[in-house]
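K.L.:
A single structure is presented below for examination.
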Amino acid sequence: GIAAAAVVAGNPPGMLELYPPFVAVERFFARPMKPILDNDEDGATNLPPFPSSVMIQLAKGVTASYFGIDDADLLANEFTYIDQLLGPLDKDKYLQLFSSKYNIRDGIPNIDYQLQNYRVDAYNPYRVWVDTRPRGLRISEIGD
């Protein structure tokens, strides 16, 4: 076609000429996929610790245990909690804070996290992502 002829002539078409603007911008800013089997600086292979289906079931177990509050054994001893306002908190501080001061179940007893779309991170096979759309009625204060 015309695009192939332009390439042969030494004047390849630009991305905006080949793709709709949204697709061209997405391709321009997209992160390149890092193969999971790449070796890192230490020479260690970045293989996932378990198959994706097992990683997802483990993540579902953690979320079902109220994010580790009901079963602290699901959290690693070197577990660290970090968000925009709190942290970093080690495992003991996390369990203490979220089972007392920031206990969501006391403030929103009917909370439904609506967890869906569990998936293993393509860039870090040790991480599982999940989408959530929580709903519930707050009946008391949570935290400060």
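Lettering and numbering for the structure tokens are positional, with chains as A, B, ... in the shown order, residues counted from 1 in each chain, and ligands counted from 1 in the shown order.
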If you count only C-alpha atoms, which residues fall within 12 Å of stretch 27-31 of chain A, apart from same-chain ones fewer than 5 positions away, as a PDB file with all heavy atoms, in the first residue's frame?
P.N.:
```pdb
ATOM      1  N   GLY A  14       4.292   8.887   9.948  1.00  0.00           N
ATOM      2  CA  GLY A  14       4.357   9.034  11.396  1.00  0.00           C
ATOM      3  C   GLY A  14       3.238   8.279  12.082  1.00  0.00           C
ATOM      4  O   GLY A  14       2.291   7.799  11.444  1.00  0.00           O
ATOM      5  N   MET A  15       3.358   8.169  13.401  1.00  0.00           N
ATOM      6  CA  MET A  15       2.361   7.421  14.171  1.00  0.00           C
ATOM      7  C   MET A  15       0.974   8.037  14.038  1.00  0.00           C
ATOM      8  O   MET A  15      -0.019   7.315  13.992  1.00  0.00           O
ATOM      9  CB  MET A  15       2.772   7.380  15.647  1.00  0.00           C
ATOM     10  CG  MET A  15       2.726   5.984  16.209  1.00  0.00           C
ATOM     11  SD  MET A  15       2.956   5.815  17.974  1.00  0.00           S
ATOM     12  CE  MET A  15       4.521   6.517  18.267  1.00  0.00           C
ATOM     13  N   LEU A  16       0.892   9.366  13.986  1.00  0.00           N
ATOM     14  CA  LEU A  16      -0.415  10.015  13.878  1.00  0.00           C
ATOM     15  C   LEU A  16      -1.056   9.781  12.511  1.00  0.00           C
ATOM     16  O   LEU A  16      -2.266   9.902  12.363  1.00  0.00           O
ATOM     17  CB  LEU A  16      -0.300  11.511  14.161  1.00  0.00           C
ATOM     18  CG  LEU A  16      -0.078  11.867  15.619  1.00  0.00           C
ATOM     19  CD1 LEU A  16       0.220  13.357  15.771  1.00  0.00           C
ATOM     20  CD2 LEU A  16      -1.279  11.488  16.462  1.00  0.00           C
ATOM     21  N   LEU A  18      -0.725   6.845  10.988  1.00  0.00           N
ATOM     22  CA  LEU A  18      -1.093   5.433  10.955  1.00  0.00           C
ATOM     23  C   LEU A  18      -2.226   5.073  11.903  1.00  0.00           C
ATOM     24  O   LEU A  18      -3.000   4.163  11.628  1.00  0.00           O
ATOM     25  CB  LEU A  18       0.123   4.559  11.305  1.00  0.00           C
ATOM     26  CG  LEU A  18       1.256   4.546  10.289  1.00  0.00           C
ATOM     27  CD1 LEU A  18       2.429   3.759  10.837  1.00  0.00           C
ATOM     28  CD2 LEU A  18       0.777   3.949   8.975  1.00  0.00           C
ATOM     29  N   TYR A  19      -2.286   5.760  13.043  1.00  0.00           N
ATOM     30  CA  TYR A  19      -3.227   5.388  14.103  1.00  0.00           C
ATOM     31  C   TYR A  19      -4.115   6.565  14.483  1.00  0.00           C
ATOM     32  O   TYR A  19      -3.730   7.725  14.305  1.00  0.00           O
ATOM     33  CB  TYR A  19      -2.464   4.933  15.355  1.00  0.00           C
ATOM     34  CG  TYR A  19      -1.522   3.790  15.112  1.00  0.00           C
ATOM     35  CD1 TYR A  19      -0.158   4.001  15.055  1.00  0.00           C
ATOM     36  CD2 TYR A  19      -2.007   2.495  14.937  1.00  0.00           C
ATOM     37  CE1 TYR A  19       0.723   2.949  14.829  1.00  0.00           C
ATOM     38  CE2 TYR A  19      -1.141   1.442  14.722  1.00  0.00           C
ATOM     39  CZ  TYR A  19       0.229   1.672  14.661  1.00  0.00           C
ATOM     40  OH  TYR A  19       1.083   0.637  14.445  1.00  0.00           O
ATOM     41  N   PRO A  20      -5.280   6.278  15.056  1.00  0.00           N
ATOM     42  CA  PRO A  20      -6.101   7.364  15.614  1.00  0.00           C
ATOM     43  C   PRO A  20      -5.306   8.085  16.716  1.00  0.00           C
ATOM     44  O   PRO A  20      -4.428   7.485  17.347  1.00  0.00           O
ATOM     45  CB  PRO A  20      -7.314   6.637  16.193  1.00  0.00           C
ATOM     46  CG  PRO A  20      -7.337   5.304  15.538  1.00  0.00           C
ATOM     47  CD  PRO A  20      -5.923   4.977  15.178  1.00  0.00           C
ATOM     48  N   PRO A  21      -5.579   9.357  16.955  1.00  0.00           N
ATOM     49  CA  PRO A  21      -4.785  10.126  17.929  1.00  0.00           C
ATOM     50  C   PRO A  21      -4.679   9.477  19.299  1.00  0.00           C
ATOM     51  O   PRO A  21      -3.597   9.441  19.887  1.00  0.00           O
ATOM     52  CB  PRO A  21      -5.523  11.463  18.016  1.00  0.00           C
ATOM     53  CG  PRO A  21      -6.226  11.589  16.708  1.00  0.00           C
ATOM     54  CD  PRO A  21      -6.577  10.196  16.290  1.00  0.00           C
ATOM     55  N   PHE A  22      -5.774   8.941  19.815  1.00  0.00           N
ATOM     56  CA  PHE A  22      -5.731   8.334  21.150  1.00  0.00           C
ATOM     57  C   PHE A  22      -4.763   7.151  21.185  1.00  0.00           C
ATOM     58  O   PHE A  22      -3.984   6.989  22.106  1.00  0.00           O
ATOM     59  CB  PHE A  22      -7.134   7.906  21.584  1.00  0.00           C
ATOM     60  CG  PHE A  22      -7.174   7.279  22.940  1.00  0.00           C
ATOM     61  CD1 PHE A  22      -7.065   8.071  24.076  1.00  0.00           C
ATOM     62  CD2 PHE A  22      -7.286   5.914  23.094  1.00  0.00           C
ATOM     63  CE1 PHE A  22      -7.082   7.507  25.339  1.00  0.00           C
ATOM     64  CE2 PHE A  22      -7.303   5.333  24.352  1.00  0.00           C
ATOM     65  CZ  PHE A  22      -7.194   6.137  25.478  1.00  0.00           C
ATOM     66  N   ALA A 122       2.395  -7.133  35.449  1.00  0.00           N
ATOM     67  CA  ALA A 122       3.277  -7.531  34.351  1.00  0.00           C
ATOM     68  C   ALA A 122       4.720  -7.085  34.588  1.00  0.00           C
ATOM     69  O   ALA A 122       5.649  -7.666  34.032  1.00  0.00           O
ATOM     70  CB  ALA A 122       2.767  -6.943  33.038  1.00  0.00           C
ATOM     71  N   TYR A 123       4.924  -6.060  35.393  1.00  0.00           N
ATOM     72  CA  TYR A 123       6.261  -5.532  35.638  1.00  0.00           C
ATOM     73  C   TYR A 123       6.886  -6.107  36.898  1.00  0.00           C
ATOM     74  O   TYR A 123       8.099  -6.115  37.041  1.00  0.00           O
ATOM     75  CB  TYR A 123       6.219  -4.004  35.762  1.00  0.00           C
ATOM     76  CG  TYR A 123       5.726  -3.345  34.503  1.00  0.00           C
ATOM     77  CD1 TYR A 123       4.403  -2.959  34.373  1.00  0.00           C
ATOM     78  CD2 TYR A 123       6.576  -3.136  33.433  1.00  0.00           C
ATOM     79  CE1 TYR A 123       3.944  -2.373  33.212  1.00  0.00           C
ATOM     80  CE2 TYR A 123       6.133  -2.552  32.268  1.00  0.00           C
ATOM     81  CZ  TYR A 123       4.817  -2.178  32.168  1.00  0.00           C
ATOM     82  OH  TYR A 123       4.368  -1.601  31.028  1.00  0.00           O
TER      83      TYR A 123
END
```
K.L.:
With a distance cut-off of 12 Å and only C-alpha atoms, select the neighbouring residues of A:Asp106, excluding the residue or stretch itself and same-chain residues fewer than 6 positions from it, and output the selection as a PDB file with all heavy atoms, in the first residue's frame.
P.N.:
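Output file out04.pdb is given in full below:
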```pdb
ATOM      1  N   PHE A  98      -4.792  -0.766  62.396  1.00  0.00           N
ATOM      2  CA  PHE A  98      -6.000  -1.047  61.623  1.00  0.00           C
ATOM      3  C   PHE A  98      -6.978  -1.978  62.338  1.00  0.00           C
ATOM      4  O   PHE A  98      -8.076  -2.211  61.847  1.00  0.00           O
ATOM      5  CB  PHE A  98      -5.645  -1.576  60.239  1.00  0.00           C
ATOM      6  CG  PHE A  98      -5.208  -0.485  59.313  1.00  0.00           C
ATOM      7  CD1 PHE A  98      -3.869  -0.170  59.179  1.00  0.00           C
ATOM      8  CD2 PHE A  98      -6.136   0.262  58.611  1.00  0.00           C
ATOM      9  CE1 PHE A  98      -3.456   0.846  58.349  1.00  0.00           C
ATOM     10  CE2 PHE A  98      -5.744   1.289  57.772  1.00  0.00           C
ATOM     11  CZ  PHE A  98      -4.393   1.584  57.642  1.00  0.00           C
ATOM     12  N   SER A  99      -6.594  -2.509  63.479  1.00  0.00           N
ATOM     13  CA  SER A  99      -7.556  -3.283  64.260  1.00  0.00           C
ATOM     14  C   SER A  99      -8.116  -2.459  65.413  1.00  0.00           C
ATOM     15  O   SER A  99      -9.003  -2.916  66.123  1.00  0.00           O
ATOM     16  CB  SER A  99      -6.913  -4.569  64.790  1.00  0.00           C
ATOM     17  OG  SER A  99      -5.828  -4.265  65.631  1.00  0.00           O
ATOM     18  N   SER A 100      -7.629  -1.236  65.586  1.00  0.00           N
ATOM     19  CA  SER A 100      -8.150  -0.394  66.663  1.00  0.00           C
ATOM     20  C   SER A 100      -8.525   0.987  66.131  1.00  0.00           C
ATOM     21  O   SER A 100      -9.677   1.236  65.804  1.00  0.00           O
ATOM     22  CB  SER A 100      -7.125  -0.289  67.798  1.00  0.00           C
ATOM     23  OG  SER A 100      -5.907   0.251  67.315  1.00  0.00           O
ATOM     24  N   GLY A 136     -20.795   1.364  51.293  1.00  0.00           N
ATOM     25  CA  GLY A 136     -21.242   1.125  52.656  1.00  0.00           C
ATOM     26  C   GLY A 136     -21.701   2.418  53.290  1.00  0.00           C
ATOM     27  O   GLY A 136     -21.463   3.508  52.772  1.00  0.00           O
ATOM     28  N   LEU A 137     -22.360   2.301  54.416  1.00  0.00           N
ATOM     29  CA  LEU A 137     -22.885   3.454  55.135  1.00  0.00           C
ATOM     30  C   LEU A 137     -22.043   3.680  56.385  1.00  0.00           C
ATOM     31  O   LEU A 137     -21.957   2.802  57.250  1.00  0.00           O
ATOM     32  CB  LEU A 137     -24.342   3.216  55.521  1.00  0.00           C
ATOM     33  CG  LEU A 137     -25.007   4.341  56.317  1.00  0.00           C
ATOM     34  CD1 LEU A 137     -25.081   5.610  55.492  1.00  0.00           C
ATOM     35  CD2 LEU A 137     -26.390   3.904  56.763  1.00  0.00           C
ATOM     36  N   ARG A 138     -21.419   4.852  56.467  1.00  0.00           N
ATOM     37  CA  ARG A 138     -20.613   5.171  57.639  1.00  0.00           C
ATOM     38  C   ARG A 138     -21.529   5.580  58.782  1.00  0.00           C
ATOM     39  O   ARG A 138     -22.357   6.479  58.647  1.00  0.00           O
ATOM     40  CB  ARG A 138     -19.635   6.312  57.323  1.00  0.00           C
ATOM     41  CG  ARG A 138     -18.658   6.550  58.473  1.00  0.00           C
ATOM     42  CD  ARG A 138     -17.721   7.642  58.144  1.00  0.00           C
ATOM     43  NE  ARG A 138     -18.427   8.895  58.286  1.00  0.00           N
ATOM     44  CZ  ARG A 138     -17.878  10.088  58.215  1.00  0.00           C
ATOM     45  NH1 ARG A 138     -16.606  10.196  57.954  1.00  0.00           N
ATOM     46  NH2 ARG A 138     -18.587  11.175  58.374  1.00  0.00           N
ATOM     47  N   ILE A 139     -21.360   4.917  59.935  1.00  0.00           N
ATOM     48  CA  ILE A 139     -22.204   5.217  61.081  1.00  0.00           C
ATOM     49  C   ILE A 139     -21.420   5.867  62.224  1.00  0.00           C
ATOM     50  O   ILE A 139     -22.014   6.332  63.184  1.00  0.00           O
ATOM     51  CB  ILE A 139     -22.934   3.965  61.586  1.00  0.00           C
ATOM     52  CG1 ILE A 139     -21.945   2.907  62.036  1.00  0.00           C
ATOM     53  CG2 ILE A 139     -23.877   3.422  60.534  1.00  0.00           C
ATOM     54  CD1 ILE A 139     -22.583   1.740  62.762  1.00  0.00           C
ATOM     55  N   SER A 140     -20.088   5.857  62.114  1.00  0.00           N
ATOM     56  CA  SER A 140     -19.266   6.524  63.139  1.00  0.00           C
ATOM     57  C   SER A 140     -17.944   6.938  62.523  1.00  0.00           C
ATOM     58  O   SER A 140     -17.616   6.574  61.396  1.00  0.00           O
ATOM     59  CB  SER A 140     -19.049   5.600  64.338  1.00  0.00           C
ATOM     60  OG  SER A 140     -18.252   4.501  63.983  1.00  0.00           O
ATOM     61  N   GLU A 141     -17.178   7.700  63.288  1.00  0.00           N
ATOM     62  CA  GLU A 141     -15.881   8.194  62.826  1.00  0.00           C
ATOM     63  C   GLU A 141     -14.887   7.049  62.690  1.00  0.00           C
ATOM     64  O   GLU A 141     -14.951   6.061  63.401  1.00  0.00           O
ATOM     65  CB  GLU A 141     -15.327   9.237  63.788  1.00  0.00           C
ATOM     66  CG  GLU A 141     -16.144  10.523  63.842  1.00  0.00           C
ATOM     67  CD  GLU A 141     -16.108  11.284  62.536  1.00  0.00           C
ATOM     68  OE1 GLU A 141     -15.035  11.353  61.895  1.00  0.00           O
ATOM     69  OE2 GLU A 141     -17.151  11.805  62.126  1.00  0.00           O
ATOM     70  N   ILE A 142     -13.939   7.250  61.792  1.00  0.00           N
ATOM     71  CA  ILE A 142     -12.836   6.303  61.599  1.00  0.00           C
ATOM     72  C   ILE A 142     -11.540   7.089  61.775  1.00  0.00           C
ATOM     73  O   ILE A 142     -11.296   8.050  61.037  1.00  0.00           O
ATOM     74  CB  ILE A 142     -12.868   5.661  60.212  1.00  0.00           C
ATOM     75  CG1 ILE A 142     -14.189   4.940  59.993  1.00  0.00           C
ATOM     76  CG2 ILE A 142     -11.689   4.739  60.005  1.00  0.00           C
ATOM     77  CD1 ILE A 142     -14.432   4.521  58.572  1.00  0.00           C
ATOM     78  N   GLY A 143     -10.737   6.713  62.727  1.00  0.00           N
ATOM     79  CA  GLY A 143      -9.470   7.412  62.945  1.00  0.00           C
ATOM     80  C   GLY A 143      -9.678   8.751  63.593  1.00  0.00           C
ATOM     81  O   GLY A 143     -10.579   8.978  64.390  1.00  0.00           O
TER      82      GLY A 143
END
```
K.L.:
Mind giving me the straight-line distance from atom CA of A:Tyr94 to atom CA of A:Val130 in Å, one decimal?
P.N.:
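Straight-line distance from atom CA of A:Tyr94 to atom CA of A:Val130 works out to 20.2 Å.
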K.L.:
To test your reading of the structure, identify every residue in stretch 18-132 of chain A that backbone DSSP assigns to strand (DSSP E or B), and report it as a VMD selection string.
P.N.:
chain A and resid 39 45 80 to 81 89 to 90 112 116 to 120 128 to 131
K.L.:
So, with only C-alpha atoms as the atoms that count, which of A:Asn103, A:Gln84, A:Glu17, A:Arg119 lies closest to A:Gln57?
P.N.:
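Closest to A:Gln57, using only C-alpha atoms: A:Arg119.
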K.L.:
I'd like the neighbourhood of A:Ser52 as a PDB file with N, CA, C and O atoms, in the first residue's frame, where a residue qualifies if any of its atoms comes within 12 Å (using only C-alpha atoms), though same-chain residues fewer than 3 positions away should be ignored.
P.N.:
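Saved file out10.pdb follows:
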```
ATOM      1  N   LEU A  47      11.517 -14.545  38.003  1.00  0.00           N
ATOM      2  CA  LEU A  47      10.400 -15.463  37.812  1.00  0.00           C
ATOM      3  C   LEU A  47       9.365 -15.233  38.908  1.00  0.00           C
ATOM      4  O   LEU A  47       9.726 -14.952  40.049  1.00  0.00           O
ATOM      5  N   PRO A  48       8.095 -15.358  38.592  1.00  0.00           N
ATOM      6  CA  PRO A  48       7.088 -15.258  39.647  1.00  0.00           C
ATOM      7  C   PRO A  48       7.281 -16.393  40.647  1.00  0.00           C
ATOM      8  O   PRO A  48       7.689 -17.487  40.274  1.00  0.00           O
ATOM      9  N   PRO A  49       6.991 -16.139  41.917  1.00  0.00           N
ATOM     10  CA  PRO A  49       7.183 -17.184  42.919  1.00  0.00           C
ATOM     11  C   PRO A  49       6.212 -18.353  42.750  1.00  0.00           C
ATOM     12  O   PRO A  49       6.519 -19.470  43.122  1.00  0.00           O
ATOM     13  N   MET A  55      -1.006 -17.050  42.711  1.00  0.00           N
ATOM     14  CA  MET A  55      -0.808 -15.695  43.240  1.00  0.00           C
ATOM     15  C   MET A  55      -2.153 -15.004  43.464  1.00  0.00           C
ATOM     16  O   MET A  55      -2.369 -14.342  44.479  1.00  0.00           O
ATOM     17  N   ILE A  56      -3.073 -15.183  42.539  1.00  0.00           N
ATOM     18  CA  ILE A  56      -4.389 -14.550  42.655  1.00  0.00           C
ATOM     19  C   ILE A  56      -5.171 -15.164  43.811  1.00  0.00           C
ATOM     20  O   ILE A  56      -5.814 -14.445  44.583  1.00  0.00           O
ATOM     21  N   GLN A  57      -5.108 -16.479  43.994  1.00  0.00           N
ATOM     22  CA  GLN A  57      -5.808 -17.106  45.115  1.00  0.00           C
ATOM     23  C   GLN A  57      -5.221 -16.661  46.451  1.00  0.00           C
ATOM     24  O   GLN A  57      -5.955 -16.455  47.421  1.00  0.00           O
ATOM     25  N   LEU A  58      -3.902 -16.494  46.515  1.00  0.00           N
ATOM     26  CA  LEU A  58      -3.274 -15.987  47.740  1.00  0.00           C
ATOM     27  C   LEU A  58      -3.745 -14.563  48.037  1.00  0.00           C
ATOM     28  O   LEU A  58      -4.043 -14.221  49.185  1.00  0.00           O
ATOM     29  N   ALA A  59      -3.814 -13.738  46.997  1.00  0.00           N
ATOM     30  CA  ALA A  59      -4.286 -12.362  47.187  1.00  0.00           C
ATOM     31  C   ALA A  59      -5.740 -12.347  47.643  1.00  0.00           C
ATOM     32  O   ALA A  59      -6.122 -11.548  48.509  1.00  0.00           O
ATOM     33  N   TYR A 118      -8.755  -9.332  39.703  1.00  0.00           N
ATOM     34  CA  TYR A 118      -7.429  -9.647  40.250  1.00  0.00           C
ATOM     35  C   TYR A 118      -6.499  -9.986  39.090  1.00  0.00           C
ATOM     36  O   TYR A 118      -6.885 -10.696  38.163  1.00  0.00           O
ATOM     37  N   ARG A 119      -5.248  -9.474  39.140  1.00  0.00           N
ATOM     38  CA  ARG A 119      -4.289  -9.773  38.093  1.00  0.00           C
ATOM     39  C   ARG A 119      -2.871  -9.594  38.615  1.00  0.00           C
ATOM     40  O   ARG A 119      -2.619  -8.735  39.461  1.00  0.00           O
ATOM     41  N   VAL A 120      -1.961 -10.389  38.109  1.00  0.00           N
ATOM     42  CA  VAL A 120      -0.551 -10.291  38.487  1.00  0.00           C
ATOM     43  C   VAL A 120       0.070  -9.162  37.681  1.00  0.00           C
ATOM     44  O   VAL A 120      -0.162  -9.029  36.474  1.00  0.00           O
ATOM     45  N   ASP A 121       0.852  -8.339  38.342  1.00  0.00           N
ATOM     46  CA  ASP A 121       1.515  -7.194  37.712  1.00  0.00           C
ATOM     47  C   ASP A 121       2.490  -7.691  36.643  1.00  0.00           C
ATOM     48  O   ASP A 121       3.310  -8.563  36.898  1.00  0.00           O
ATOM     49  N   ALA A 122       2.395  -7.133  35.449  1.00  0.00           N
ATOM     50  CA  ALA A 122       3.277  -7.531  34.351  1.00  0.00           C
ATOM     51  C   ALA A 122       4.720  -7.085  34.588  1.00  0.00           C
ATOM     52  O   ALA A 122       5.649  -7.666  34.032  1.00  0.00           O
ATOM     53  N   ASN A 124       6.079  -6.544  37.853  1.00  0.00           N
ATOM     54  CA  ASN A 124       6.576  -7.095  39.102  1.00  0.00           C
ATOM     55  C   ASN A 124       5.740  -8.331  39.431  1.00  0.00           C
ATOM     56  O   ASN A 124       4.644  -8.217  39.963  1.00  0.00           O
ATOM     57  N   PRO A 125       6.252  -9.520  39.123  1.00  0.00           N
ATOM     58  CA  PRO A 125       5.451 -10.726  39.311  1.00  0.00           C
ATOM     59  C   PRO A 125       5.174 -11.072  40.769  1.00  0.00           C
ATOM     60  O   PRO A 125       4.452 -12.007  41.055  1.00  0.00           O
ATOM     61  N   TYR A 126       5.735 -10.302  41.704  1.00  0.00           N
ATOM     62  CA  TYR A 126       5.470 -10.513  43.124  1.00  0.00           C
ATOM     63  C   TYR A 126       4.291  -9.671  43.600  1.00  0.00           C
ATOM     64  O   TYR A 126       3.957  -9.680  44.769  1.00  0.00           O
ATOM     65  N   ARG A 127       3.674  -8.911  42.716  1.00  0.00           N
ATOM     66  CA  ARG A 127       2.579  -7.996  43.073  1.00  0.00           C
ATOM     67  C   ARG A 127       1.302  -8.422  42.349  1.00  0.00           C
ATOM     68  O   ARG A 127       1.325  -8.756  41.181  1.00  0.00           O
ATOM     69  N   VAL A 128       0.190  -8.374  43.073  1.00  0.00           N
ATOM     70  CA  VAL A 128      -1.121  -8.658  42.489  1.00  0.00           C
ATOM     71  C   VAL A 128      -1.970  -7.399  42.636  1.00  0.00           C
ATOM     72  O   VAL A 128      -2.042  -6.821  43.716  1.00  0.00           O
ATOM     73  N   TRP A 129      -2.583  -6.978  41.554  1.00  0.00           N
ATOM     74  CA  TRP A 129      -3.465  -5.813  41.554  1.00  0.00           C
ATOM     75  C   TRP A 129      -4.912  -6.282  41.618  1.00  0.00           C
ATOM     76  O   TRP A 129      -5.251  -7.349  41.133  1.00  0.00           O
TER      77      TRP A 129
END
```
K.L.:
Select from stretch 24-123 of chain A everything DSSP, run on the backbone, classes as helix (DSSP H, G or I), then give the selection as a ChimeraX atom specification.
P.N.:
/A:24-29,52-64,72-74,91-99,104-107
K.L.:
Quick one: residues within 12 Å of A:Leu86, only C-alpha atoms, excluding same-chain residues fewer than 3 positions away - as a list in words?
P.N.:
Thr80, Tyr81, Ile82, Asp83, Leu89, Asp90, Lys93, Tyr94, Leu97, Phe98, Tyr102 and Gly143 of chain A
K.L.:
Dump C-alpha atoms for the selected residues as a compact mmCIF listing (two decimals), in the first residue's frame?
P.N.:
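Just written: part_34.txt:
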```txt
# COMPACT_ATOMS: atom_id res chain seq x y z
CA THR A 80 5.39 -2.98 55.15
CA TYR A 81 2.26 -0.84 54.71
CA ILE A 82 2.60 2.48 52.86
CA ASP A 83 -0.07 4.83 51.55
CA LEU A 89 4.32 0.80 58.98
CA ASP A 90 5.79 -2.58 59.86
CA LYS A 93 2.13 -1.38 63.77
CA TYR A 94 -0.16 -2.06 60.80
CA LEU A 97 -3.46 0.56 63.97
CA PHE A 98 -6.00 -1.05 61.62
CA TYR A 102 -8.57 2.86 61.91
CA GLY A 143 -9.47 7.41 62.95
```
K.L.:
Any idea what the distance is between atom CA of A:Asn117 and atom CA of A:Val25?
P.N.:
25.4 Å
K.L.:
Taking into account only C-alpha atoms, which residue in the set A:Arg133, A:Leu115, A:Arg105, A:Val54 is nearest to A:Asp70?
P.N.:
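Of A:Arg133, A:Leu115, A:Arg105, A:Val54, the one nearest A:Asp70 is A:Arg105, counting only C-alpha atoms.
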K.L.:
Report the distance between atom CA of A:Ala72 and atom CA of A:Lys91 in Å, rounded to one decimal place.
P.N.:
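Computed distance, atom CA of A:Ala72 to atom CA of A:Lys91, equals 8.4 Å.
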